[in-house]
>>> print(open('query02.txt').read())   # compact mmCIF, C-alpha atoms
# COMPACT_ATOMS: atom_id res chain seq x y z
CA ASN A 463 185.35 82.25 101.83
CA ALA A 464 187.44 79.19 102.81
CA GLY A 465 190.24 79.48 100.22
CA VAL A 466 192.55 76.47 100.59
CA THR A 467 191.50 73.85 103.12
CA GLN A 468 193.82 71.11 104.34
CA THR A 469 192.90 68.05 106.35
CA PRO A 470 193.92 66.85 108.83
CA LYS A 471 195.63 69.67 110.72
CA PHE A 472 197.72 67.32 112.84
CA GLN A 473 198.70 63.67 112.50
CA VAL A 474 201.07 61.26 114.18
CA LEU A 475 202.13 58.13 112.29
CA LYS A 476 204.38 55.20 112.96
CA THR A 477 207.22 54.40 110.58
CA GLY A 478 205.92 52.37 107.67
CA GLN A 479 202.31 53.50 107.90
CA SER A 480 200.62 55.13 104.95
CA MET A 481 198.57 58.28 104.87
CA THR A 482 196.89 60.68 102.47
CA LEU A 483 196.83 64.42 103.07
CA GLN A 484 193.84 66.15 101.56
CA CYS A 485 193.65 69.60 100.01
CA ALA A 486 190.72 71.43 98.47
CA GLN A 487 190.36 74.94 97.07
CA ASP A 488 187.19 76.87 96.30
CA MET A 489 188.69 79.63 94.15
CA ASN A 490 188.33 77.84 90.80
CA HIS A 491 192.10 77.77 90.44
CA ASN A 492 193.75 75.66 87.78
CA SER A 493 197.10 75.03 89.47
CA MET A 494 197.79 73.38 92.81
CA TYR A 495 200.96 72.63 94.77
CA TRP A 496 202.31 70.65 97.71
CA TYR A 497 205.20 71.97 99.81
CA ARG A 498 206.95 70.79 102.93
CA GLN A 499 208.57 73.01 105.53
CA ASP A 500 211.16 71.71 107.98
CA PRO A 501 212.07 73.62 111.16
CA GLY A 502 213.88 76.89 110.48
CA MET A 503 213.71 76.47 106.74
CA GLY A 504 211.74 77.81 103.84
CA LEU A 505 209.20 75.79 101.90
CA ARG A 506 210.29 73.18 99.36
CA LEU A 507 208.09 72.11 96.48
CA ILE A 508 207.18 68.40 96.48
CA TYR A 509 204.76 68.09 93.55
CA TYR A 510 202.56 70.39 91.56
CA SER A 511 199.64 70.16 89.20
CA ALA A 512 199.66 72.86 86.55
CA SER A 513 196.13 71.95 85.49
CA GLU A 514 193.53 69.26 86.07
CA GLY A 515 194.82 65.95 84.77
CA THR A 516 198.53 66.78 85.03
CA THR A 517 201.08 66.38 87.82
CA ASP A 518 204.83 67.00 87.91
CA LYS A 519 207.67 66.53 90.34
CA GLY A 520 209.07 69.40 92.28
CA GLU A 521 212.28 69.72 94.24
CA VAL A 522 211.77 66.87 96.76
CA PRO A 523 209.33 64.26 95.34
CA ASN A 524 210.90 61.05 96.66
CA GLY A 525 208.64 59.10 98.99
CA TYR A 526 205.46 60.86 97.89
CA ASN A 527 202.69 60.42 95.35
CA VAL A 528 199.97 62.84 94.35
CA SER A 529 196.55 62.71 92.75
CA ARG A 530 194.67 65.59 91.17
CA LEU A 531 191.23 64.21 91.86
CA ASN A 532 189.39 67.04 90.12
CA LYS A 533 189.84 70.76 89.68
CA ARG A 534 189.23 71.44 93.37
CA GLU A 535 191.17 68.65 95.05
CA PHE A 536 194.83 67.64 95.13
CA SER A 537 195.97 64.92 97.53
CA LEU A 538 199.43 63.92 98.75
CA ARG A 539 200.12 60.32 99.74
CA LEU A 540 202.90 58.85 101.84
CA GLU A 541 202.99 55.14 101.03
CA SER A 542 205.47 54.11 103.73
CA ALA A 543 206.15 56.95 106.14
CA ALA A 544 209.69 57.57 107.36
CA PRO A 545 210.90 59.79 110.23
CA SER A 546 212.59 62.06 107.64
CA GLN A 547 209.12 62.97 106.41
CA THR A 548 208.24 64.61 109.70
CA SER A 549 207.39 68.12 108.60
CA VAL A 550 204.67 70.69 108.08
CA TYR A 551 202.95 70.22 104.75
CA PHE A 552 201.35 73.11 102.90
CA CYS A 553 199.02 72.98 99.97
CA ALA A 554 198.67 76.00 97.68
CA SER A 555 196.75 77.00 94.58
CA SER A 556 196.97 79.69 91.93
CA ARG A 557 194.82 80.74 89.03
CA THR A 558 197.30 79.40 86.49
CA TRP A 559 200.82 78.07 86.35
CA THR A 560 202.10 80.50 83.80
CA GLU A 561 200.69 83.84 84.91
CA TRP A 562 203.56 85.19 86.97
CA SER A 563 201.38 87.92 88.39
CA GLN A 564 198.99 85.49 90.01
CA PRO A 565 199.94 84.78 93.63
CA GLN A 566 199.79 81.39 95.25
CA HIS A 567 197.25 81.00 98.04
CA PHE A 568 198.25 78.69 100.87
CA GLY A 569 196.40 76.57 103.38
CA ASP A 570 197.28 76.56 107.06
CA GLY A 571 199.24 73.35 106.87
CA THR A 572 199.22 69.78 108.17
CA ARG A 573 201.66 69.07 110.97
CA LEU A 574 202.86 65.50 110.51
CA SER A 575 205.04 63.59 112.96
CA ILE A 576 206.42 60.17 112.16
CA LEU A 577 207.76 58.11 115.04
CA ASP B 1054 218.80 79.70 89.43
CA ALA B 1055 219.23 83.20 90.82
CA LYS B 1056 219.46 83.39 94.62
CA THR B 1057 218.33 85.92 97.17
CA THR B 1058 220.07 87.01 100.38
CA GLN B 1059 218.13 88.41 103.31
CA PRO B 1060 219.12 89.23 106.89
CA ASN B 1061 218.18 86.47 109.30
CA SER B 1062 216.23 88.81 111.57
CA MET B 1063 215.14 92.40 112.09
CA GLU B 1064 213.35 94.28 114.81
CA SER B 1065 211.02 97.22 114.76
CA ASN B 1066 208.76 99.20 117.04
CA GLU B 1067 205.05 99.37 116.51
CA GLU B 1068 203.83 102.20 114.25
CA GLU B 1069 207.32 102.81 112.85
CA PRO B 1070 208.31 102.09 109.23
CA VAL B 1071 210.21 98.92 108.46
CA HIS B 1072 212.58 98.41 105.54
CA LEU B 1073 213.32 94.78 104.76
CA PRO B 1074 216.24 94.39 102.33
CA CYS B 1075 216.88 91.67 99.78
CA ASN B 1076 219.95 91.19 97.60
CA HIS B 1077 219.65 89.34 94.31
CA SER B 1078 222.81 90.19 92.41
CA THR B 1079 222.38 87.33 89.88
CA ILE B 1080 218.82 88.23 88.92
CA SER B 1081 217.99 87.68 85.28
CA GLY B 1082 215.86 89.82 83.02
CA THR B 1083 212.96 87.36 83.23
CA ASP B 1084 212.84 87.18 87.03
CA TYR B 1085 210.05 88.91 88.88
CA ILE B 1086 210.60 89.85 92.53
CA HIS B 1087 207.91 88.46 94.80
CA TRP B 1088 207.47 88.89 98.54
CA TYR B 1089 205.50 86.56 100.78
CA ARG B 1090 205.19 86.51 104.53
CA GLN B 1091 204.38 83.73 106.96
CA LEU B 1092 202.67 84.49 110.23
CA PRO B 1093 203.18 82.03 113.10
CA SER B 1094 201.43 78.71 112.54
CA GLN B 1095 200.02 79.80 109.17
CA GLY B 1096 200.80 79.25 105.54
CA PRO B 1097 202.64 81.91 103.53
CA GLU B 1098 200.69 84.93 102.37
CA TYR B 1099 201.36 86.95 99.21
CA VAL B 1100 202.48 90.52 99.91
CA ILE B 1101 203.63 92.19 96.70
CA HIS B 1102 205.60 91.69 93.50
CA GLY B 1103 207.39 93.79 90.87
CA LEU B 1104 209.75 93.76 87.91
CA THR B 1105 211.51 97.10 87.52
CA SER B 1106 209.33 99.88 88.87
CA ASN B 1107 208.44 100.57 92.47
CA VAL B 1108 205.08 99.11 93.46
CA ASN B 1109 202.52 99.97 96.11
CA ASN B 1110 199.53 98.08 97.42
CA ARG B 1111 197.42 98.14 100.55
CA MET B 1112 199.88 95.96 102.46
CA ALA B 1113 203.29 97.37 101.54
CA SER B 1114 205.57 99.08 99.04
CA LEU B 1115 208.33 97.50 97.02
CA ALA B 1116 211.35 99.57 96.06
CA ILE B 1117 213.53 98.04 93.35
CA ALA B 1118 217.06 99.26 92.66
CA GLU B 1119 217.75 100.63 89.21
CA ASP B 1120 220.12 97.75 88.41
CA ARG B 1121 217.58 95.27 89.94
CA LYS B 1122 220.28 93.67 92.07
CA SER B 1123 218.48 94.52 95.26
CA SER B 1124 215.02 95.41 96.51
CA THR B 1125 213.41 96.61 99.72
CA LEU B 1126 210.02 95.76 101.14
CA ILE B 1127 208.60 98.71 103.05
CA LEU B 1128 205.96 98.41 105.73
CA HIS B 1129 204.92 101.99 106.33
CA ARG B 1130 203.62 101.55 109.87
CA ALA B 1131 204.42 98.26 111.52
CA THR B 1132 201.79 96.63 113.68
CA LEU B 1133 202.06 93.64 115.98
CA ARG B 1134 200.24 91.64 113.32
CA ASP B 1135 203.16 92.25 110.92
CA ALA B 1136 205.46 90.05 113.01
CA ALA B 1137 206.26 87.24 110.61
CA VAL B 1138 208.91 85.64 108.42
CA TYR B 1139 209.28 87.63 105.20
CA TYR B 1140 210.46 85.84 102.07
CA CYS B 1141 211.97 87.54 99.05
CA ILE B 1142 211.58 85.24 96.03
CA LEU B 1143 212.67 85.49 92.41
CA ARG B 1144 210.01 83.97 90.17
CA PRO B 1145 211.08 83.19 86.62
CA HIS B 1146 208.68 84.56 84.08
CA ALA B 1147 209.90 82.47 81.17
CA GLY B 1148 212.05 79.50 80.33
CA GLY B 1149 214.07 76.98 82.30
CA THR B 1150 213.13 74.34 84.84
CA SER B 1151 212.21 76.94 87.46
CA TYR B 1152 209.58 78.60 85.26
CA GLY B 1153 206.58 79.58 87.34
CA LYS B 1154 207.92 78.14 90.56
CA LEU B 1155 208.34 79.81 93.93
CA THR B 1156 211.63 78.92 95.63
CA PHE B 1157 211.60 79.89 99.29
CA GLY B 1158 214.81 80.74 101.15
CA GLN B 1159 215.04 81.12 104.92
CA GLY B 1160 213.60 84.63 104.96
CA THR B 1161 213.84 87.42 107.52
CA ILE B 1162 212.20 87.04 110.91
CA LEU B 1163 210.59 90.38 111.75
CA THR B 1164 209.91 91.11 115.41
CA VAL B 1165 207.66 94.06 116.22
CA HIS B 1166 207.86 95.54 119.71
CA PRO B 1167 204.84 97.26 121.32
>>> encode(input="query02.txt", output="structure tokens")
Amino acid sequence: NAGVTQTPKFQVLKTGQSMTLQCAQDMNHNSMYWYRQDPGMGLRLIYYSASEGTTDKGEVPNGYNVSRLNKREFSLRLESAAPSQTSVYFCASSRTWTEWSQPQHFGDGTRLSIL
Amino acid sequence: DAKTTQPNSMESNEEEPVHLPCNHSTISGTDYIHWYRQLPSQGPEYVIHGLTSNVNNRMASLAIAEDRKSSTLILHRATLRDAAVYYCILRPHAGGTSYGKLTFGQGTILTVHP
């Protein structure tokens, strides 16, 4: 049972390059999320998709775009990467947005370095 | 939004109980208390959650103060695999811009000694 799968696991970019981080879940969850985690800090929400066909901004959306491709997949795109976007990116999913009792399930992260 | 305060780090010996405290003095009536942990080089993992009553599951126990201004995550017998960062999170159950969201603080780094 794969859960939440993120690709790639590691990536190095040059400033100004673009890239899409991929995320897929096999738990039939409705809601999906993208977080970033900087060294020594907790996770911060970038964007989320409460259900297929909807996306909303989180705490730190600037410099990112997202696409909810279908129920399983939620991608995060950096159009013009900047060194400040060097971080570990986590994708998560949950059964629904509104059921407080439903935990979020996280992938193992994409470690992104921008030079 | 209500905030949580946790110690930066704690240490324990293997097979001993661990009590991880969390203060949330500004908690509102619609906030549920969630705990997640993050093992090295992995994404966060759900541990337990509660509202007012103490809760038990296969991973841990959650003790919630009567006034809900603090809570304690209890690992009954720590193992080396429990070494992780533990996050105490208030998750709004209704209303406001934070509805449904998980807001992670810096957490408590738990070190378990053999």
>>> closest_residue(input="query02.txt", among="A:Gly571, A:Gly515, A:Gly525, A:Pro501", to="A:Val466", atoms="all atoms listed in the file")
A:Gly571
>>> closest_residue(input="query02.txt", among="B:Glu1098, B:Thr1057, B:Leu1092, B:Pro1167", to="A:Gly465", atoms="all atoms listed in the file")
B:Glu1098
>>> interface_residues(input="query02.txt", of="chain B", to="chain A", cutoff="12 Å", atoms="only C-alpha atoms", output="JSON, numbers by chain")
{"B": [1061, 1083, 1084, 1085, 1086, 1087, 1088, 1089, 1090, 1091, 1092, 1093, 1094, 1095, 1096, 1097, 1098, 1099, 1100, 1101, 1102, 1103, 1104, 1138, 1139, 1140, 1141, 1142, 1143, 1144, 1145, 1146, 1147, 1148, 1150, 1151, 1152, 1153, 1154, 1155, 1156, 1157, 1158, 1159, 1160, 1161, 1162]}
>>> residues_near_point(input="query02.txt", point="(193.4, 65.0, 96.1)", cutoff="12 Å", atoms="all atoms listed in the file", output="ChimeraX atom specification")
/A:467-469,482-487,494-496,510-511,514-515,517,527-539,553
>>> atom_distance(input="query02.txt", atom1="atom CA of A:Ser493", atom2="atom CA of A:Met481")
22.8 Å
>>> atom_distance(input="query02.txt", atom1="atom CA of A:Ile576", atom2="atom CA of A:Pro545")
4.9 Å
>>> atom_distance(input="query02.txt", atom1="atom CA of B:His1077", atom2="atom CA of B:Leu1163")
19.7 Å
>>> residues_around(input="query02.txt", residues="stretch 1108-1113 of chain B", least_positions_apart="2", cutoff="7 Å", atoms="only C-alpha atoms", output="JSON, numbers by chain")
{"B": [1100, 1103, 1106, 1115, 1116, 1126, 1127, 1128, 1129]}
>>> closest_residue(input="query02.txt", among="A:Thr548, A:Tyr509, A:Ser480, A:Glu541", to="A:Tyr497", atoms="only C-alpha atoms")
A:Tyr509
>>> residues_around(input="query02.txt", residues="A:Val474", least_positions_apart="2", cutoff="9 Å", atoms="all atoms listed in the file", output="ChimeraX atom specification")
/A:472,476,573-577
>>> write_last_selection(input="query02.txt", atoms="C-alpha atoms", output="mmCIF file, in the coordinates of the input")
data_model
loop_
_atom_site.group_PDB
_atom_site.id
_atom_site.type_symbol
_atom_site.label_atom_id
_atom_site.label_comp_id
_atom_site.auth_asym_id
_atom_site.auth_seq_id
_atom_site.Cartn_x
_atom_site.Cartn_y
_atom_site.Cartn_z
ATOM 1 C CA PHE A 472 197.720 67.320 112.840
ATOM 2 C CA LYS A 476 204.380 55.200 112.960
ATOM 3 C CA ARG A 573 201.660 69.070 110.970
ATOM 4 C CA LEU A 574 202.860 65.500 110.510
ATOM 5 C CA SER A 575 205.040 63.590 112.960
ATOM 6 C CA ILE A 576 206.420 60.170 112.160
ATOM 7 C CA LEU A 577 207.760 58.110 115.040
#
>>> residues_around(input="query02.txt", residues="B:Thr1079", least_positions_apart="2", cutoff="8 Å", atoms="all atoms listed in the file", output="list in words")
Ala1055, Lys1056, His1077, Ser1081 and Lys1122 of chain B
>>> closest_residue(input="query02.txt", among="B:Val1165, B:Cys1075, B:Ala1137, B:Ile1080", to="B:Thr1125", atoms="all atoms listed in the file")
B:Cys1075
>>> decode(input="query02.txt", residues="stretch 492-523 of chain A", atoms="C-alpha atoms", output="PDB file, in the first residue's frame")
ATOM      1  CA  ASN A 492     -10.773  13.879  -1.600  1.00  0.00           C
ATOM      2  CA  SER A 493      -8.410  16.490  -0.152  1.00  0.00           C
ATOM      3  CA  MET A 494      -4.745  17.070  -0.935  1.00  0.00           C
ATOM      4  CA  TYR A 495      -2.136  19.525   0.327  1.00  0.00           C
ATOM      5  CA  TRP A 496       1.321  20.907  -0.392  1.00  0.00           C
ATOM      6  CA  TYR A 497       3.618  22.019   2.442  1.00  0.00           C
ATOM      7  CA  ARG A 498       7.167  23.254   2.626  1.00  0.00           C
ATOM      8  CA  GLN A 499       9.556  22.728   5.515  1.00  0.00           C
ATOM      9  CA  ASP A 500      12.634  24.878   6.027  1.00  0.00           C
ATOM     10  CA  PRO A 501      15.503  23.793   8.310  1.00  0.00           C
ATOM     11  CA  GLY A 502      14.554  23.706  11.986  1.00  0.00           C
ATOM     12  CA  MET A 503      10.995  24.755  11.318  1.00  0.00           C
ATOM     13  CA  GLY A 504       7.583  23.193  11.162  1.00  0.00           C
ATOM     14  CA  LEU A 505       5.633  22.706   7.956  1.00  0.00           C
ATOM     15  CA  ARG A 506       3.879  25.609   6.258  1.00  0.00           C
ATOM     16  CA  LEU A 507       0.908  25.132   3.969  1.00  0.00           C
ATOM     17  CA  ILE A 508       1.447  26.354   0.392  1.00  0.00           C
ATOM     18  CA  TYR A 509      -1.759  25.310  -1.381  1.00  0.00           C
ATOM     19  CA  TYR A 510      -4.515  22.830  -0.828  1.00  0.00           C
ATOM     20  CA  SER A 511      -7.285  21.189  -2.785  1.00  0.00           C
ATOM     21  CA  ALA A 512     -10.345  20.465  -0.693  1.00  0.00           C
ATOM     22  CA  SER A 513     -11.834  18.358  -3.473  1.00  0.00           C
ATOM     23  CA  GLU A 514     -11.240  17.518  -7.117  1.00  0.00           C
ATOM     24  CA  GLY A 515     -11.623  20.647  -9.221  1.00  0.00           C
ATOM     25  CA  THR A 516     -10.857  23.143  -6.441  1.00  0.00           C
ATOM     26  CA  THR A 517      -7.630  24.703  -5.189  1.00  0.00           C
ATOM     27  CA  ASP A 518      -6.981  27.387  -2.581  1.00  0.00           C
ATOM     28  CA  LYS A 519      -4.028  29.318  -1.243  1.00  0.00           C
ATOM     29  CA  GLY A 520      -2.449  28.430   2.031  1.00  0.00           C
ATOM     30  CA  GLU A 521      -0.039  30.369   4.202  1.00  0.00           C
ATOM     31  CA  VAL A 522       2.843  30.804   1.703  1.00  0.00           C
ATOM     32  CA  PRO A 523       1.531  30.570  -1.906  1.00  0.00           C
TER      33      PRO A 523
END
